[in-house]
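Have a look at model37.json; it's JSON, C-alpha atoms and all ligand atoms:
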```
[["chain", "number", "residue", "atom", "x", "y", "z"],
["A", 1, "MET", "CA", -76.33, -98.37, 234.05],
["A", 2, "SER", "CA", -76.48, -99.64, 237.59],
["A", 3, "SER", "CA", -80.05, -100.56, 238.44],
["A", 4, "THR", "CA", -81.96, -100.05, 235.21],
["A", 5, "LEU", "CA", -84.31, -102.87, 234.25],
["A", 6, "ALA", "CA", -82.76, -104.83, 231.44],
["A", 7, "SER", "CA", -84.18, -107.52, 229.21],
["A", 8, "ALA", "CA", -82.76, -109.54, 226.35],
["A", 9, "GLY", "CA", -86.11, -109.87, 224.57],
["A", 10, "SER", "CA", -89.84, -109.45, 224.76],
["A", 11, "ALA", "CA", -90.90, -112.93, 225.97],
["A", 12, "ALA", "CA", -92.34, -113.27, 229.48],
["A", 13, "PRO", "CA", -89.37, -113.42, 231.81],
["A", 14, "VAL", "CA", -88.36, -116.45, 233.84],
["A", 15, "TYR", "CA", -86.97, -114.09, 236.46],
["A", 16, "GLU", "CA", -87.74, -110.47, 237.07],
["A", 17, "ALA", "CA", -85.81, -108.60, 239.74],
["A", 18, "ILE", "CA", -86.55, -105.00, 240.62],
["A", 19, "ASP", "CA", -84.36, -102.98, 242.96],
["A", 20, "LEU", "CA", -83.23, -105.85, 245.17],
["A", 21, "LYS", "CA", -81.43, -104.81, 248.33],
["A", 22, "LYS", "CA", -79.81, -106.97, 250.98],
["A", 23, "ASP", "CA", -77.80, -105.95, 254.03],
["A", 24, "TYR", "CA", -75.89, -108.09, 256.50],
["A", 25, "ASP", "CA", -74.60, -107.38, 259.98],
["A", 26, "GLY", "CA", -77.16, -104.73, 260.82],
["A", 27, "GLY", "CA", -76.46, -102.75, 257.68],
["A", 28, "GLN", "CA", -72.67, -102.76, 257.96],
["A", 29, "VAL", "CA", -72.43, -104.88, 254.80],
["A", 30, "GLN", "CA", -74.56, -103.88, 251.82],
["A", 31, "ALA", "CA", -74.40, -107.05, 249.75],
["A", 32, "LEU", "CA", -77.00, -105.90, 247.17],
["A", 33, "ARG", "CA", -77.69, -102.18, 246.77],
["A", 34, "GLY", "CA", -80.46, -102.09, 244.16],
["A", 35, "VAL", "CA", -80.23, -104.84, 241.57],
["A", 36, "SER", "CA", -82.70, -105.08, 238.68],
["A", 37, "PHE", "CA", -82.72, -107.40, 235.67],
["A", 38, "ARG", "CA", -84.78, -109.90, 233.74],
["A", 39, "VAL", "CA", -83.86, -113.35, 232.50],
["A", 40, "ASN", "CA", -85.86, -114.81, 229.64],
["A", 41, "ALA", "CA", -86.52, -118.49, 228.95],
["A", 42, "GLY", "CA", -83.61, -120.19, 227.23],
["A", 43, "GLU", "CA", -81.00, -117.57, 228.04],
["A", 44, "PHE", "CA", -77.48, -118.36, 229.21],
["A", 45, "VAL", "CA", -76.54, -115.60, 231.64],
["A", 46, "ALA", "CA", -73.28, -115.29, 233.54],
["A", 47, "ILE", "CA", -73.07, -113.26, 236.73],
["A", 48, "THR", "CA", -69.53, -112.10, 237.31],
["A", 49, "GLY", "CA", -67.48, -109.55, 239.21],
["A", 50, "PRO", "CA", -64.85, -109.38, 241.93],
["A", 51, "SER", "CA", -64.98, -111.26, 245.22],
["A", 52, "GLY", "CA", -67.61, -109.88, 247.59],
["A", 53, "CYS", "CA", -69.61, -108.01, 244.92],
["A", 54, "GLY", "CA", -72.80, -109.97, 245.70],
["A", 55, "LYS", "CA", -72.87, -112.75, 243.11],
["A", 56, "SER", "CA", -73.64, -115.63, 245.46],
["A", 57, "THR", "CA", -76.13, -113.57, 247.44],
["A", 58, "LEU", "CA", -78.03, -112.93, 244.22],
["A", 59, "LEU", "CA", -77.90, -116.57, 243.09],
["A", 60, "GLN", "CA", -79.17, -117.72, 246.49],
["A", 61, "MET", "CA", -82.15, -115.42, 246.10],
["A", 62, "LEU", "CA", -82.90, -116.87, 242.67],
["A", 63, "GLY", "CA", -82.87, -120.30, 244.32],
["A", 64, "ALA", "CA", -85.14, -119.10, 247.17],
["A", 65, "LEU", "CA", -82.39, -119.93, 249.63],
["A", 66, "ASP", "CA", -82.34, -116.32, 250.81],
["A", 67, "LYS", "CA", -84.69, -113.32, 250.61],
["A", 68, "PRO", "CA", -84.06, -109.69, 249.72],
["A", 69, "ASP", "CA", -84.68, -107.08, 252.43],
["A", 70, "THR", "CA", -86.59, -104.99, 249.88],
["A", 71, "GLY", "CA", -87.41, -105.17, 246.19],
["A", 72, "THR", "CA", -89.38, -107.46, 243.91],
["A", 73, "LEU", "CA", -88.19, -110.86, 242.78],
["A", 74, "ASN", "CA", -90.49, -112.97, 240.64],
["A", 75, "TYR", "CA", -90.11, -116.39, 239.05],
["A", 76, "ARG", "CA", -92.70, -116.68, 236.27],
["A", 77, "ASP", "CA", -95.04, -114.22, 238.02],
["A", 78, "GLN", "CA", -94.60, -115.88, 241.43],
["A", 79, "SER", "CA", -93.00, -113.80, 244.15],
["A", 80, "LEU", "CA", -90.04, -115.82, 245.43],
["A", 81, "PRO", "CA", -89.88, -114.14, 248.86],
["A", 82, "ASP", "CA", -93.58, -115.00, 249.31],
["A", 83, "LEU", "CA", -93.40, -118.67, 248.26],
["A", 84, "THR", "CA", -95.34, -120.89, 250.63],
["A", 85, "ASP", "CA", -93.18, -123.93, 249.86],
["A", 86, "PRO", "CA", -89.60, -122.96, 248.87],
["A", 87, "PRO", "CA", -88.34, -126.59, 249.01],
["A", 88, "ALA", "CA", -90.97, -127.59, 246.41],
["A", 89, "TYR", "CA", -89.86, -124.72, 244.18],
["A", 90, "ARG", "CA", -86.23, -125.83, 244.51],
["A", 91, "ALA", "CA", -87.08, -129.49, 243.89],
["A", 92, "HIS", "CA", -89.23, -128.99, 240.81],
["A", 93, "GLU", "CA", -88.18, -125.76, 239.13],
["A", 94, "ILE", "CA", -84.47, -125.46, 239.84],
["A", 95, "GLY", "CA", -81.39, -127.55, 239.15],
["A", 96, "PHE", "CA", -78.46, -126.55, 241.35],
["A", 97, "ILE", "CA", -74.83, -127.07, 240.43],
["A", 98, "PHE", "CA", -72.30, -126.20, 243.12],
["A", 99, "GLN", "CA", -68.55, -125.71, 243.09],
["A", 100, "ALA", "CA", -68.13, -128.53, 245.63],
["A", 101, "PHE", "CA", -70.43, -130.98, 243.78],
["A", 102, "HIS", "CA", -72.31, -132.02, 246.98],
["A", 103, "LEU", "CA", -72.63, -135.68, 245.98],
["A", 104, "LEU", "CA", -73.39, -138.25, 248.68],
["A", 105, "PRO", "CA", -70.15, -140.23, 249.08],
["A", 106, "THR", "CA", -71.79, -143.54, 250.05],
["A", 107, "TYR", "CA", -74.10, -143.54, 247.02],
["A", 108, "THR", "CA", -73.02, -144.55, 243.51],
["A", 109, "ALA", "CA", -73.35, -142.18, 240.57],
["A", 110, "VAL", "CA", -76.65, -143.71, 239.47],
["A", 111, "GLU", "CA", -78.00, -143.51, 243.04],
["A", 112, "ASN", "CA", -76.92, -139.89, 243.47],
["A", 113, "VAL", "CA", -78.74, -138.89, 240.29],
["A", 114, "GLN", "CA", -81.95, -140.52, 241.55],
["A", 115, "ILE", "CA", -82.03, -138.58, 244.83],
["A", 116, "PRO", "CA", -84.11, -135.61, 243.56],
["A", 117, "MET", "CA", -86.62, -138.07, 242.04],
["A", 118, "PHE", "CA", -87.50, -139.83, 245.30],
["A", 119, "GLU", "CA", -90.27, -137.34, 246.09],
["A", 120, "GLY", "CA", -91.81, -137.66, 242.62],
["A", 121, "LYS", "CA", -94.15, -140.10, 240.94],
["A", 122, "LEU", "CA", -91.64, -142.35, 239.18],
["A", 123, "GLY", "CA", -91.37, -145.96, 240.29],
["A", 124, "THR", "CA", -88.07, -147.67, 241.07],
["A", 125, "LYS", "CA", -87.31, -148.84, 237.53],
["A", 126, "ALA", "CA", -88.36, -145.63, 235.80],
["A", 127, "ARG", "CA", -86.24, -143.63, 238.25],
["A", 128, "ARG", "CA", -83.20, -145.77, 237.61],
["A", 129, "ASP", "CA", -83.72, -145.73, 233.83],
["A", 130, "ARG", "CA", -83.94, -141.95, 233.88],
["A", 131, "ALA", "CA", -80.77, -141.70, 235.97],
["A", 132, "ILE", "CA", -78.93, -143.93, 233.49],
["A", 133, "GLU", "CA", -80.28, -141.86, 230.59],
["A", 134, "LEU", "CA", -79.04, -138.66, 232.25],
["A", 135, "LEU", "CA", -75.62, -140.13, 233.05],
["A", 136, "THR", "CA", -75.37, -141.25, 229.42],
["A", 137, "GLN", "CA", -76.27, -137.73, 228.33],
["A", 138, "VAL", "CA", -73.35, -136.31, 230.33],
["A", 139, "GLY", "CA", -70.97, -138.95, 228.95],
["A", 140, "LEU", "CA", -70.79, -141.20, 232.02],
["A", 141, "SER", "CA", -72.61, -144.38, 230.96],
["A", 142, "HIS", "CA", -69.43, -146.31, 231.83],
["A", 143, "ARG", "CA", -69.27, -144.91, 235.37],
["A", 144, "ILE", "CA", -72.79, -145.43, 236.72],
["A", 145, "HIS", "CA", -71.79, -147.79, 239.54],
["A", 146, "HIS", "CA", -68.80, -145.76, 240.68],
["A", 147, "PHE", "CA", -68.81, -143.99, 244.02],
["A", 148, "PRO", "CA", -67.89, -140.27, 243.94],
["A", 149, "GLY", "CA", -64.53, -141.02, 245.57],
["A", 150, "LYS", "CA", -63.58, -143.13, 242.55],
["A", 151, "LEU", "CA", -64.41, -140.43, 240.03],
["A", 152, "SER", "CA", -62.33, -137.49, 238.82],
["A", 153, "GLY", "CA", -63.43, -133.98, 239.75],
["A", 154, "GLY", "CA", -64.82, -133.42, 236.28],
["A", 155, "GLU", "CA", -66.72, -136.70, 236.39],
["A", 156, "ARG", "CA", -68.15, -135.79, 239.80],
["A", 157, "GLN", "CA", -69.37, -132.49, 238.44],
["A", 158, "ARG", "CA", -70.93, -134.26, 235.47],
["A", 159, "VAL", "CA", -72.79, -136.56, 237.89],
["A", 160, "ALA", "CA", -73.94, -133.44, 239.72],
["A", 161, "ILE", "CA", -75.13, -131.94, 236.43],
["A", 162, "ALA", "CA", -77.05, -135.14, 235.63],
["A", 163, "ARG", "CA", -78.61, -134.94, 239.10],
["A", 164, "SER", "CA", -79.54, -131.29, 238.56],
["A", 165, "LEU", "CA", -81.51, -132.31, 235.46],
["A", 166, "ALA", "CA", -83.41, -135.12, 237.17],
["A", 167, "ASN", "CA", -86.75, -133.34, 237.54],
["A", 168, "ASN", "CA", -86.62, -131.42, 234.24],
["A", 169, "PRO", "CA", -86.04, -128.06, 235.95],
["A", 170, "GLY", "CA", -87.03, -124.79, 234.33],
["A", 171, "VAL", "CA", -83.69, -123.24, 235.26],
["A", 172, "LEU", "CA", -80.16, -124.37, 236.05],
["A", 173, "LEU", "CA", -78.37, -122.29, 238.68],
["A", 174, "ALA", "CA", -74.63, -122.93, 238.73],
["A", 175, "ASP", "CA", -72.34, -121.41, 241.36],
["A", 176, "GLU", "CA", -68.69, -121.48, 240.24],
["A", 177, "PRO", "CA", -69.28, -124.90, 238.61],
["A", 178, "THR", "CA", -65.64, -125.22, 237.51],
["A", 179, "GLY", "CA", -64.08, -123.65, 240.61],
["A", 180, "ASN", "CA", -62.68, -126.97, 241.89],
["A", 181, "LEU", "CA", -61.54, -128.32, 238.53],
["A", 182, "ASP", "CA", -58.30, -128.25, 236.57],
["A", 183, "SER", "CA", -58.42, -126.55, 233.20],
["A", 184, "LYS", "CA", -59.06, -129.72, 231.18],
["A", 185, "ASN", "CA", -61.98, -130.88, 233.35],
["A", 186, "ALA", "CA", -63.28, -127.31, 233.58],
["A", 187, "ALA", "CA", -63.37, -127.08, 229.78],
["A", 188, "GLN", "CA", -65.30, -130.38, 229.53],
["A", 189, "VAL", "CA", -67.86, -129.30, 232.14],
["A", 190, "LEU", "CA", -68.36, -125.92, 230.47],
["A", 191, "GLU", "CA", -68.73, -127.60, 227.09],
["A", 192, "LEU", "CA", -71.41, -129.84, 228.58],
["A", 193, "LEU", "CA", -73.31, -126.92, 230.10],
["A", 194, "VAL", "CA", -73.18, -125.00, 226.82],
["A", 195, "LYS", "CA", -74.38, -128.10, 224.94],
["A", 196, "LEU", "CA", -77.31, -128.59, 227.34],
["A", 197, "HIS", "CA", -78.23, -124.96, 226.93],
["A", 198, "GLN", "CA", -77.97, -125.04, 223.14],
["A", 199, "GLU", "CA", -79.68, -128.39, 222.51],
["A", 200, "GLN", "CA", -82.43, -128.20, 225.12],
["A", 201, "ARG", "CA", -82.74, -124.41, 225.41],
["A", 202, "THR", "CA", -82.13, -124.79, 229.14],
["A", 203, "THR", "CA", -82.16, -121.47, 230.98],
["A", 204, "LEU", "CA", -78.72, -121.36, 232.55],
["A", 205, "ILE", "CA", -77.55, -118.82, 235.12],
["A", 206, "MET", "CA", -73.93, -119.22, 236.12],
["A", 207, "VAL", "CA", -71.94, -117.36, 238.75],
["A", 208, "THR", "CA", -68.24, -117.16, 238.01],
["A", 209, "HIS", "CA", -65.47, -114.83, 239.11],
["A", 210, "ASP", "CA", -63.59, -115.80, 235.93],
["A", 211, "MET", "CA", -64.21, -113.31, 233.12],
["A", 212, "SER", "CA", -62.96, -115.71, 230.45],
["A", 213, "ILE", "CA", -65.65, -118.19, 231.52],
["A", 214, "ALA", "CA", -68.29, -115.47, 231.83],
["A", 215, "ARG", "CA", -67.63, -114.46, 228.24],
["A", 216, "MET", "CA", -68.90, -117.88, 227.10],
["A", 217, "ALA", "CA", -72.42, -116.82, 228.11],
["A", 218, "GLU", "CA", -74.76, -115.02, 225.72],
["A", 219, "ARG", "CA", -75.18, -112.31, 228.26],
["A", 220, "VAL", "CA", -73.06, -111.16, 231.19],
["A", 221, "LEU", "CA", -74.26, -109.34, 234.29],
["A", 222, "LEU", "CA", -71.16, -107.64, 235.64],
["A", 223, "MET", "CA", -71.45, -106.75, 239.33],
["A", 224, "LYS", "CA", -69.44, -104.40, 241.49],
["A", 225, "ASP", "CA", -70.09, -103.44, 245.12],
["A", 226, "GLY", "CA", -73.63, -104.86, 245.18],
["A", 227, "LEU", "CA", -74.74, -103.35, 241.87],
["A", 228, "ILE", "CA", -75.00, -104.53, 238.26],
["A", 229, "VAL", "CA", -72.65, -102.17, 236.44],
["A", 230, "SER", "CA", -72.99, -103.75, 233.00],
["A", 231, "ASP", "CA", -75.61, -106.00, 231.40],
["A", 232, "GLY", "CA", -74.97, -107.45, 227.96],
["A", 233, "ASN", "CA", -71.65, -107.92, 226.30],
["A", 234, "LEU", "CA", -68.70, -107.30, 228.56],
["A", 235, "ASP", "CA", -67.55, -103.79, 227.80],
["A", 236, "VAL", "CA", -65.43, -103.35, 230.91],
["A", 237, "GLU", "CA", -62.00, -104.92, 231.09],
["A", 238, "PRO", "CA", -61.09, -106.71, 234.32],
["A", 239, "ASN", "CA", -58.37, -104.17, 235.13],
["A", 240, "GLN", "CA", -61.01, -101.41, 235.17],
["A", 241, "LEU", "CA", -62.86, -102.99, 238.10],
["B", 301, "LIG", "N1", -74.24, -114.53, 255.81],
["B", 301, "LIG", "C1", -73.53, -113.40, 255.69],
["B", 301, "LIG", "N2", -73.30, -112.61, 256.78],
["B", 301, "LIG", "C2", -72.60, -111.46, 256.67],
["B", 301, "LIG", "N3", -72.08, -111.01, 255.51],
["B", 301, "LIG", "C3", -72.27, -111.77, 254.42],
["B", 301, "LIG", "C4", -72.99, -112.99, 254.44],
["B", 301, "LIG", "N4", -73.03, -113.50, 253.19],
["B", 301, "LIG", "C5", -72.35, -112.65, 252.42],
["B", 301, "LIG", "N5", -71.89, -111.60, 253.14],
["B", 301, "LIG", "C6", -71.14, -110.45, 252.64],
["B", 301, "LIG", "O1", -71.90, -109.90, 251.58],
["B", 301, "LIG", "C7", -71.04, -109.46, 250.52],
["B", 301, "LIG", "C8", -71.42, -110.19, 249.24],
["B", 301, "LIG", "O2", -71.09, -111.57, 249.42],
["B", 301, "LIG", "P1", -71.27, -112.66, 248.26],
["B", 301, "LIG", "O3", -70.90, -113.98, 248.82],
["B", 301, "LIG", "O4", -72.60, -112.51, 247.66],
["B", 301, "LIG", "O5", -70.17, -112.16, 247.21],
["B", 301, "LIG", "P2", -69.54, -112.93, 245.97],
["B", 301, "LIG", "O6", -69.47, -111.92, 244.87],
["B", 301, "LIG", "O7", -70.31, -114.18, 245.71],
["B", 301, "LIG", "O8", -68.09, -113.27, 246.52],
["B", 301, "LIG", "P3", -67.10, -114.51, 246.15],
["B", 301, "LIG", "O9", -66.77, -114.37, 244.69],
["B", 301, "LIG", "O10", -65.90, -114.24, 247.00],
["B", 301, "LIG", "O11", -67.81, -115.76, 246.49],
["B", 301, "LIG", "C9", -69.62, -109.73, 250.99],
["B", 301, "LIG", "O12", -69.12, -108.54, 251.58],
["B", 301, "LIG", "C10", -69.81, -110.81, 252.02],
["B", 301, "LIG", "O13", -68.75, -110.76, 253.00]]
```
Starting from the file, lay out its structure as C-alpha cells.
Amino acid sequence: MSSTLASAGSAAPVYEAIDLKKDYDGGQVQALRGVSFRVNAGEFVAITGPSGCGKSTLLQMLGALDKPDTGTLNYRDQSLPDLTDPPAYRAHEIGFIFQAFHLLPTYTAVENVQIPMFEGKLGTKARRDRAIELLTQVGLSHRIHHFPGKLSGGERQRVAIARSLANNPGVLLADEPTGNLDSKNAAQVLELLVKLHQEQRTTLIMVTHDMSIARMAERVLLMKDGLIVSDGNLDVEPNQL
C-alpha cells in the first residue's frame, strides 16, 4: 500500500502529507519516494523501518527543519514548506525530543526547561513555576537544581521531555528517544511518553528503528526504501524487511 493516503479517523488532520519526495546528492539518494499519510489530533504514531529508509528525513520535514522537493505537507491547513517563520512554528507548535537529549550542560534542570519559554509572555516567576510543575510531572521534582552531568541518561531525557512540553505544543516529535538509554531507563521514558499521550491526548510521533518499541504506538508507519509499506498494525515481521 505504498503511497496511498491513510487516515485513522475523520477528524481534521494535524498533519497531511501527499506524495512527498526528497532526493539528496543530485538524485543519487532517493530518501523519500512518494510518502502520503495523515495524523489526527491525539494519535500516537510510530515511524519505523530499517536504517536509511527515510524516517529521520520525514520527521525533520514534520518539524519544518527540512523541505520536500515535491509533494504537499500541511500542518493544520498550513503548508509547512511555505511557512514564513519556521522557528516560530517550531517554538510554539512542536515539542522536540532527541536521542542525544540536547540539554545545555551549564544550566540546571529547571533552567533548561525554561529555555523555550524565554521568548513568550511569562514573567520570571511564572516561568520558573511552570518549569517546576513540568519537572514534577515527569517525576523529577527532587532533581530540579541538578546539572545534566549529574543526572542519569533517563533523567536527562525526562528533563528534555519536560522542556519539550514548555509551550504546550500541539505535537511531540521524538527521534529515537530511547536510543541512548539502557533498557530500564528506556522503559521509564517510554512509560512517561505513553502516559502523557493517554492523559493529555498529546499527539505523539516517534521515530524508532526498534519494532518492539514501535508496537507500543496505536499506529505504526512502516517504511522501506523511502516509502511507507504498511500503515496501521504491524503486519510485516522484521525478518521480512
Ligand atoms: N543530508 C544528507 N545528504 C545526503 N544524503 C542524506 C542526507 N540525509 C539523509 N541522507 C540519506 O537519505 C537516506 C534516508 O536517511 P534518513 O536519515 O532519513 O534514514 P533513517 O531511516 O532515519 O536512518 P537511521 O535509522 O539510520 O537514522 C539515507 O540513504 C541517508 O544516507
task: Can you work out which one of A:Arg158, A:Arg130, A:His209, A:Arg76 has the shortest atom-to-atom distance to ligand LIG 301 (chain B), counting only C-alpha atoms and all ligand atoms?
output: A:His209
task: Please work out which residues fall within 12 Å of (-82.8, -113.6, 249.9), coordinates as given in the file, with all atoms listed in the file counting, and return them as JSON, numbers by chain.
output: {"A": [17, 20, 21, 22, 23, 24, 31, 32, 54, 56, 57, 58, 59, 60, 61, 62, 63, 64, 65, 66, 67, 68, 69, 70, 71, 72, 73, 79, 80, 81, 82, 83, 86]}
query: Of the candidates A:Glu16, A:Glu111, A:Glu119, A:Asp175, which shows the shortest atom-to-atom distance to Ile144 (chain A), using only C-alpha atoms?
result: A:Glu111
field: Nearest-residue call for ligand LIG 301 (chain B), choices A:Ala41, A:Val29, A:Leu227, A:Val110, using only C-alpha atoms and all ligand atoms
entry: A:Val29
message: Tell me which residues come within 12 Å of (-81.7, -140.8, 244.1), as a PyMOL selection string, counting only C-alpha atoms in the file's coordinates.
response: chain A and resi 103-104+106-120+122-132+159-160+162-164+166-167
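Our summary of the geometry notes that CA of Ala88 (chain A) is positioned 26.6 Å from CA of Val194 (chain A).
Considering only C-alpha atoms and all ligand atoms, the residue among A:Asp231, A:Glu218, A:Glu93, A:Glu176 positioned nearest to ligand LIG 301 (chain B) is A:Glu176.
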field: Å distance separating atom O6 of ligand LIG 301 (chain B) from CA of Pro50 (chain A), one decimal place
entry: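 Taking atom O6 of ligand LIG 301 (chain B) as the start and CA of Pro50 (chain A) as the end point, the length is 6.0 Å.
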- prompt: Which distance in Å separates CA of Ala46 (chain A) and CA of Asp210 (chain A), to one decimal?
  reply: 10.0 Å
Can you pull out every residue within 8 Å of region 178-188 of chain A, counting all atoms listed in the file, but drop anything in the same chain fewer than 5 positions away, and send it as a short mmCIF file (atom, residue, chain, number, x, y, z; two decimals) with C-alpha atoms, in the coordinates of the input?
```cif
data_model
loop_
_atom_site.label_atom_id
_atom_site.label_comp_id
_atom_site.auth_asym_id
_atom_site.auth_seq_id
_atom_site.Cartn_x
_atom_site.Cartn_y
_atom_site.Cartn_z
CA GLN A 99 -68.55 -125.71 243.09
CA ALA A 100 -68.13 -128.53 245.63
CA GLY A 153 -63.43 -133.98 239.75
CA GLY A 154 -64.82 -133.42 236.28
#
```
task: Point out the residue among A:Gly34, A:Gly139, A:Gly170, A:Pro177 with the least atom-to-atom distance to His197 (chain A), counting all atoms listed in the file.
output: A:Gly170
Best match for closeness to ligand LIG 301 (chain B) among A:Asp85, A:Asp225, A:Glu43, A:Glu155, counting all atoms listed in the file: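 Ranked by minimum distance to ligand LIG 301 (chain B), first place goes to A:Asp225.
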Can you sort out region 187-201 of chain A so it carries N, CA and C atoms, written as a PDB file, in the coordinates of the input?
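out-v8.pdb, written as the output of this step:
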```
ATOM      1  N   ALA A 187     -62.945-127.283 231.174  1.00  0.00           N
ATOM      2  CA  ALA A 187     -63.370-127.080 229.780  1.00  0.00           C
ATOM      3  C   ALA A 187     -64.454-128.091 229.409  1.00  0.00           C
ATOM      4  N   GLN A 188     -64.301-129.348 229.867  1.00  0.00           N
ATOM      5  CA  GLN A 188     -65.300-130.380 229.530  1.00  0.00           C
ATOM      6  C   GLN A 188     -66.656-130.061 230.182  1.00  0.00           C
ATOM      7  N   VAL A 189     -66.603-129.609 231.428  1.00  0.00           N
ATOM      8  CA  VAL A 189     -67.860-129.300 232.140  1.00  0.00           C
ATOM      9  C   VAL A 189     -68.547-128.099 231.480  1.00  0.00           C
ATOM     10  N   LEU A 190     -67.768-127.096 231.122  1.00  0.00           N
ATOM     11  CA  LEU A 190     -68.360-125.920 230.470  1.00  0.00           C
ATOM     12  C   LEU A 190     -68.955-126.294 229.113  1.00  0.00           C
ATOM     13  N   GLU A 191     -68.236-127.149 228.391  1.00  0.00           N
ATOM     14  CA  GLU A 191     -68.730-127.600 227.090  1.00  0.00           C
ATOM     15  C   GLU A 191     -70.071-128.313 227.259  1.00  0.00           C
ATOM     16  N   LEU A 192     -70.158-129.124 228.317  1.00  0.00           N
ATOM     17  CA  LEU A 192     -71.410-129.840 228.580  1.00  0.00           C
ATOM     18  C   LEU A 192     -72.547-128.867 228.904  1.00  0.00           C
ATOM     19  N   LEU A 193     -72.263-127.882 229.744  1.00  0.00           N
ATOM     20  CA  LEU A 193     -73.310-126.920 230.100  1.00  0.00           C
ATOM     21  C   LEU A 193     -73.774-126.143 228.861  1.00  0.00           C
ATOM     22  N   VAL A 194     -72.826-125.737 228.037  1.00  0.00           N
ATOM     23  CA  VAL A 194     -73.180-125.000 226.820  1.00  0.00           C
ATOM     24  C   VAL A 194     -74.020-125.892 225.896  1.00  0.00           C
ATOM     25  N   LYS A 195     -73.637-127.167 225.794  1.00  0.00           N
ATOM     26  CA  LYS A 195     -74.380-128.100 224.940  1.00  0.00           C
ATOM     27  C   LYS A 195     -75.818-128.275 225.458  1.00  0.00           C
ATOM     28  N   LEU A 196     -75.963-128.445 226.768  1.00  0.00           N
ATOM     29  CA  LEU A 196     -77.310-128.590 227.340  1.00  0.00           C
ATOM     30  C   LEU A 196     -78.155-127.359 227.030  1.00  0.00           C
ATOM     31  N   HIS A 197     -77.520-126.211 227.197  1.00  0.00           N
ATOM     32  CA  HIS A 197     -78.230-124.960 226.930  1.00  0.00           C
ATOM     33  C   HIS A 197     -78.629-124.871 225.460  1.00  0.00           C
ATOM     34  N   GLN A 198     -77.696-125.204 224.577  1.00  0.00           N
ATOM     35  CA  GLN A 198     -77.970-125.040 223.140  1.00  0.00           C
ATOM     36  C   GLN A 198     -78.978-126.070 222.631  1.00  0.00           C
ATOM     37  N   GLU A 199     -78.832-127.323 223.078  1.00  0.00           N
ATOM     38  CA  GLU A 199     -79.680-128.390 222.510  1.00  0.00           C
ATOM     39  C   GLU A 199     -81.059-128.410 223.151  1.00  0.00           C
ATOM     40  N   GLN A 200     -81.132-128.083 224.442  1.00  0.00           N
ATOM     41  CA  GLN A 200     -82.430-128.200 225.120  1.00  0.00           C
ATOM     42  C   GLN A 200     -83.007-126.840 225.487  1.00  0.00           C
ATOM     43  N   ARG A 201     -82.322-125.784 225.081  1.00  0.00           N
ATOM     44  CA  ARG A 201     -82.740-124.410 225.410  1.00  0.00           C
ATOM     45  C   ARG A 201     -82.948-124.253 226.922  1.00  0.00           C
TER      46      ARG A 201
END
```
